[in-house]
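Undergrad: Supplied in structure tokens, the structure appears directly below.
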Amino acid sequence: MSILATFSPPSMTAEQYDEIVNRLYEEGIQPAPGLRTEIAYGSGDKMKVVVLFDSMEQFEAFGQKLGPILEEYKMDPGGPTIYEVHNVIQS
């Protein structure tokens, strides 16, 4: 079953988000298996992130790789809040 996870860091700028995402691509962690959608939104230091994964197992596997990088950047991801997904419509 797909899951939607939301993150609301206490403080994260677009620049910090971009730096972390670039690092994930450089290390071959991104694109993560099972990741269908990632959305970053907000402004200033109040950026938030939503991810849609095919399964909880794939989400957790990604988190195991992401966690040490966030620790290195001293980034508190704030969350996650996880929801089971009933339906996804994409065009």
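Convention: chains lettered A, B, ... in structure tokens order; per-chain residue numbering from 1; ligands numbered from 1 as shown.
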Write out as a list in words the set of residues from chain A that DSSP, computed on the backbone, places in strand (DSSP E).

TA: Ile3, Leu4, Ala5, Thr6, Phe7, Leu35, Arg36, Thr37, Glu38, Ile39, Ala40, Tyr41, Lys48, Val49, Val50, Val51, Leu52, Phe53, Thr81, Ile82, Tyr83 and Glu84 of chain A

Undergrad: Quick check for you: according to DSSP on this backbone, which residues of chain A are classed as helix (DSSP H, G or I)? Reply as a VMD selection string.

TA: chain A and resid 14 to 26 56 to 72

Undergrad: With the cut-off set at 8 Å and counting only C-alpha atoms, tabulate each residue of range 24-50 of chain A with an atom at most that distance from an atom of range 60-74 of chain A, showing the nearest atom pair and its distance in Å to one decimal, ordered by chain and increasing number, as JSON lines.

TA:
{"residue": "A:Leu24", "atom": "CA", "partner": "A:Leu66", "partner_atom": "CA", "distance": 7.7}
{"residue": "A:Ile29", "atom": "CA", "partner": "A:Lys65", "partner_atom": "CA", "distance": 7.2}
{"residue": "A:Ala32", "atom": "CA", "partner": "A:Phe62", "partner_atom": "CA", "distance": 6.4}
{"residue": "A:Pro33", "atom": "CA", "partner": "A:Phe62", "partner_atom": "CA", "distance": 8.0}

Undergrad: If you keep N, CA, C and O atoms, can you produce a file of those selected residues as a PDB file, in the first residue's frame?

TA:
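result-v6.pdb was written with the following content:
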ATOM      1  N   LEU A  24      22.008  13.781  -2.313  1.00  0.00           N
ATOM      2  CA  LEU A  24      21.362  12.485  -2.514  1.00  0.00           C
ATOM      3  C   LEU A  24      21.565  11.980  -3.941  1.00  0.00           C
ATOM      4  O   LEU A  24      21.807  10.787  -4.160  1.00  0.00           O
ATOM      5  N   ILE A  29      21.548   7.966  -4.108  1.00  0.00           N
ATOM      6  CA  ILE A  29      20.427   7.618  -3.234  1.00  0.00           C
ATOM      7  C   ILE A  29      19.104   8.032  -3.871  1.00  0.00           C
ATOM      8  O   ILE A  29      18.076   7.388  -3.696  1.00  0.00           O
ATOM      9  N   ALA A  32      15.005   7.460  -5.354  1.00  0.00           N
ATOM     10  CA  ALA A  32      14.847   6.313  -4.463  1.00  0.00           C
ATOM     11  C   ALA A  32      13.862   5.313  -5.050  1.00  0.00           C
ATOM     12  O   ALA A  32      12.839   5.706  -5.610  1.00  0.00           O
ATOM     13  N   PRO A  33      14.145   4.011  -4.911  1.00  0.00           N
ATOM     14  CA  PRO A  33      13.172   3.010  -5.356  1.00  0.00           C
ATOM     15  C   PRO A  33      11.827   3.203  -4.654  1.00  0.00           C
ATOM     16  O   PRO A  33      11.777   3.391  -3.442  1.00  0.00           O
TER      17      PRO A  33
END

Undergrad: Name all residues at most 6 Å from range 3-5 of chain A (count only C-alpha atoms; drop same-chain ones fewer than 2 positions away) and give them as a list in words.

TA: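 Surrounding residues, per the criterion: Val50, Val51, Leu52, Phe53, Pro80, Thr81, Ile82, Tyr83, Glu84 and Val85 of chain A.
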
Undergrad: Filtering to all heavy atoms, could you give me those residues as a PDB file, in the first residue's frame?

TA:
ATOM      1  N   VAL A  50       6.759  16.777   1.199  1.00  0.00           N
ATOM      2  CA  VAL A  50       5.798  15.682   1.141  1.00  0.00           C
ATOM      3  C   VAL A  50       6.351  14.656   0.160  1.00  0.00           C
ATOM      4  O   VAL A  50       6.793  15.021  -0.934  1.00  0.00           O
ATOM      5  CB  VAL A  50       4.419  16.174   0.653  1.00  0.00           C
ATOM      6  CG1 VAL A  50       3.451  15.019   0.503  1.00  0.00           C
ATOM      7  CG2 VAL A  50       3.865  17.225   1.582  1.00  0.00           C
ATOM      8  N   VAL A  51       6.335  13.377   0.558  1.00  0.00           N
ATOM      9  CA  VAL A  51       6.778  12.310  -0.342  1.00  0.00           C
ATOM     10  C   VAL A  51       5.702  11.245  -0.444  1.00  0.00           C
ATOM     11  O   VAL A  51       4.974  10.978   0.512  1.00  0.00           O
ATOM     12  CB  VAL A  51       8.112  11.677   0.111  1.00  0.00           C
ATOM     13  CG1 VAL A  51       9.254  12.663  -0.013  1.00  0.00           C
ATOM     14  CG2 VAL A  51       8.028  11.119   1.517  1.00  0.00           C
ATOM     15  N   LEU A  52       5.610  10.649  -1.620  1.00  0.00           N
ATOM     16  CA  LEU A  52       4.697   9.547  -1.878  1.00  0.00           C
ATOM     17  C   LEU A  52       5.537   8.350  -2.288  1.00  0.00           C
ATOM     18  O   LEU A  52       6.269   8.410  -3.287  1.00  0.00           O
ATOM     19  CB  LEU A  52       3.713   9.914  -2.993  1.00  0.00           C
ATOM     20  CG  LEU A  52       2.766   8.824  -3.470  1.00  0.00           C
ATOM     21  CD1 LEU A  52       1.800   8.413  -2.361  1.00  0.00           C
ATOM     22  CD2 LEU A  52       2.011   9.277  -4.707  1.00  0.00           C
ATOM     23  N   PHE A  53       5.457   7.273  -1.500  1.00  0.00           N
ATOM     24  CA  PHE A  53       6.194   6.041  -1.783  1.00  0.00           C
ATOM     25  C   PHE A  53       5.217   4.901  -2.035  1.00  0.00           C
ATOM     26  O   PHE A  53       4.117   4.873  -1.477  1.00  0.00           O
ATOM     27  CB  PHE A  53       7.085   5.666  -0.588  1.00  0.00           C
ATOM     28  CG  PHE A  53       8.458   6.278  -0.640  1.00  0.00           C
ATOM     29  CD1 PHE A  53       8.685   7.551  -0.159  1.00  0.00           C
ATOM     30  CD2 PHE A  53       9.524   5.566  -1.162  1.00  0.00           C
ATOM     31  CE1 PHE A  53       9.948   8.113  -0.195  1.00  0.00           C
ATOM     32  CE2 PHE A  53      10.795   6.119  -1.210  1.00  0.00           C
ATOM     33  CZ  PHE A  53      11.020   7.394  -0.721  1.00  0.00           C
ATOM     34  N   PRO A  80       8.370  12.096  10.530  1.00  0.00           N
ATOM     35  CA  PRO A  80       7.291  12.305   9.571  1.00  0.00           C
ATOM     36  C   PRO A  80       5.908  12.037  10.168  1.00  0.00           C
ATOM     37  O   PRO A  80       5.774  11.336  11.149  1.00  0.00           O
ATOM     38  CB  PRO A  80       7.581  11.258   8.496  1.00  0.00           C
ATOM     39  CG  PRO A  80       8.168  10.117   9.260  1.00  0.00           C
ATOM     40  CD  PRO A  80       8.977  10.767  10.369  1.00  0.00           C
ATOM     41  N   THR A  81       4.929  12.605   9.516  1.00  0.00           N
ATOM     42  CA  THR A  81       3.546  12.207   9.721  1.00  0.00           C
ATOM     43  C   THR A  81       3.208  11.343   8.519  1.00  0.00           C
ATOM     44  O   THR A  81       3.421  11.750   7.372  1.00  0.00           O
ATOM     45  CB  THR A  81       2.619  13.435   9.792  1.00  0.00           C
ATOM     46  OG1 THR A  81       3.068  14.274  10.857  1.00  0.00           O
ATOM     47  CG2 THR A  81       1.189  13.013  10.030  1.00  0.00           C
ATOM     48  N   ILE A  82       2.719  10.135   8.771  1.00  0.00           N
ATOM     49  CA  ILE A  82       2.507   9.164   7.697  1.00  0.00           C
ATOM     50  C   ILE A  82       1.025   8.838   7.556  1.00  0.00           C
ATOM     51  O   ILE A  82       0.320   8.637   8.549  1.00  0.00           O
ATOM     52  CB  ILE A  82       3.313   7.882   7.977  1.00  0.00           C
ATOM     53  CG1 ILE A  82       4.803   8.233   8.000  1.00  0.00           C
ATOM     54  CG2 ILE A  82       3.015   6.802   6.941  1.00  0.00           C
ATOM     55  CD1 ILE A  82       5.707   7.094   8.399  1.00  0.00           C
ATOM     56  N   TYR A  83       0.595   8.764   6.292  1.00  0.00           N
ATOM     57  CA  TYR A  83      -0.790   8.439   5.965  1.00  0.00           C
ATOM     58  C   TYR A  83      -0.809   7.301   4.953  1.00  0.00           C
ATOM     59  O   TYR A  83       0.003   7.296   4.016  1.00  0.00           O
ATOM     60  CB  TYR A  83      -1.505   9.647   5.333  1.00  0.00           C
ATOM     61  CG  TYR A  83      -1.464  10.894   6.166  1.00  0.00           C
ATOM     62  CD1 TYR A  83      -0.456  11.843   5.990  1.00  0.00           C
ATOM     63  CD2 TYR A  83      -2.441  11.137   7.130  1.00  0.00           C
ATOM     64  CE1 TYR A  83      -0.423  12.995   6.760  1.00  0.00           C
ATOM     65  CE2 TYR A  83      -2.409  12.283   7.890  1.00  0.00           C
ATOM     66  CZ  TYR A  83      -1.393  13.215   7.708  1.00  0.00           C
ATOM     67  OH  TYR A  83      -1.360  14.354   8.465  1.00  0.00           O
ATOM     68  N   GLU A  84      -1.730   6.355   5.116  1.00  0.00           N
ATOM     69  CA  GLU A  84      -1.956   5.362   4.070  1.00  0.00           C
ATOM     70  C   GLU A  84      -2.739   6.050   2.956  1.00  0.00           C
ATOM     71  O   GLU A  84      -3.667   6.812   3.207  1.00  0.00           O
ATOM     72  CB  GLU A  84      -2.733   4.174   4.612  1.00  0.00           C
ATOM     73  CG  GLU A  84      -1.927   3.331   5.563  1.00  0.00           C
ATOM     74  CD  GLU A  84      -2.679   2.096   6.022  1.00  0.00           C
ATOM     75  OE1 GLU A  84      -3.855   1.897   5.657  1.00  0.00           O
ATOM     76  OE2 GLU A  84      -2.070   1.316   6.780  1.00  0.00           O
ATOM     77  N   VAL A  85      -2.366   5.742   1.734  1.00  0.00           N
ATOM     78  CA  VAL A  85      -2.982   6.399   0.572  1.00  0.00           C
ATOM     79  C   VAL A  85      -4.112   5.530   0.020  1.00  0.00           C
ATOM     80  O   VAL A  85      -3.935   4.333  -0.217  1.00  0.00           O
ATOM     81  CB  VAL A  85      -1.918   6.660  -0.522  1.00  0.00           C
ATOM     82  CG1 VAL A  85      -2.562   7.211  -1.781  1.00  0.00           C
ATOM     83  CG2 VAL A  85      -0.862   7.610   0.008  1.00  0.00           C
TER      84      VAL A  85
END

Undergrad: As a list of chain:residue names, please: the residues near Gly44 in chain A (cut-off 10 Å, only C-alpha atoms, same-chain neighbours under 2 positions excluded).

TA: A:Ser11, A:Met12, A:Thr13, A:Ala14, A:Glu15, A:Gly42, A:Lys46, A:Met47

Undergrad: How many Å lie between CA of Phe59 in chain A and CA of Arg36 in chain A, rounded to one decimal?

TA: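 Rounded to one decimal, the two atoms are 10.7 Å apart.
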
Undergrad: Under the rule that only C-alpha atoms are counted, which of A:Met75, A:Asp18, A:Asn87, A:Ser2 is the nearest residue to Gly34 in chain A?

TA: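 When distances to Gly34 in chain A are compared using only C-alpha atoms, the smallest one comes from A:Ser2.
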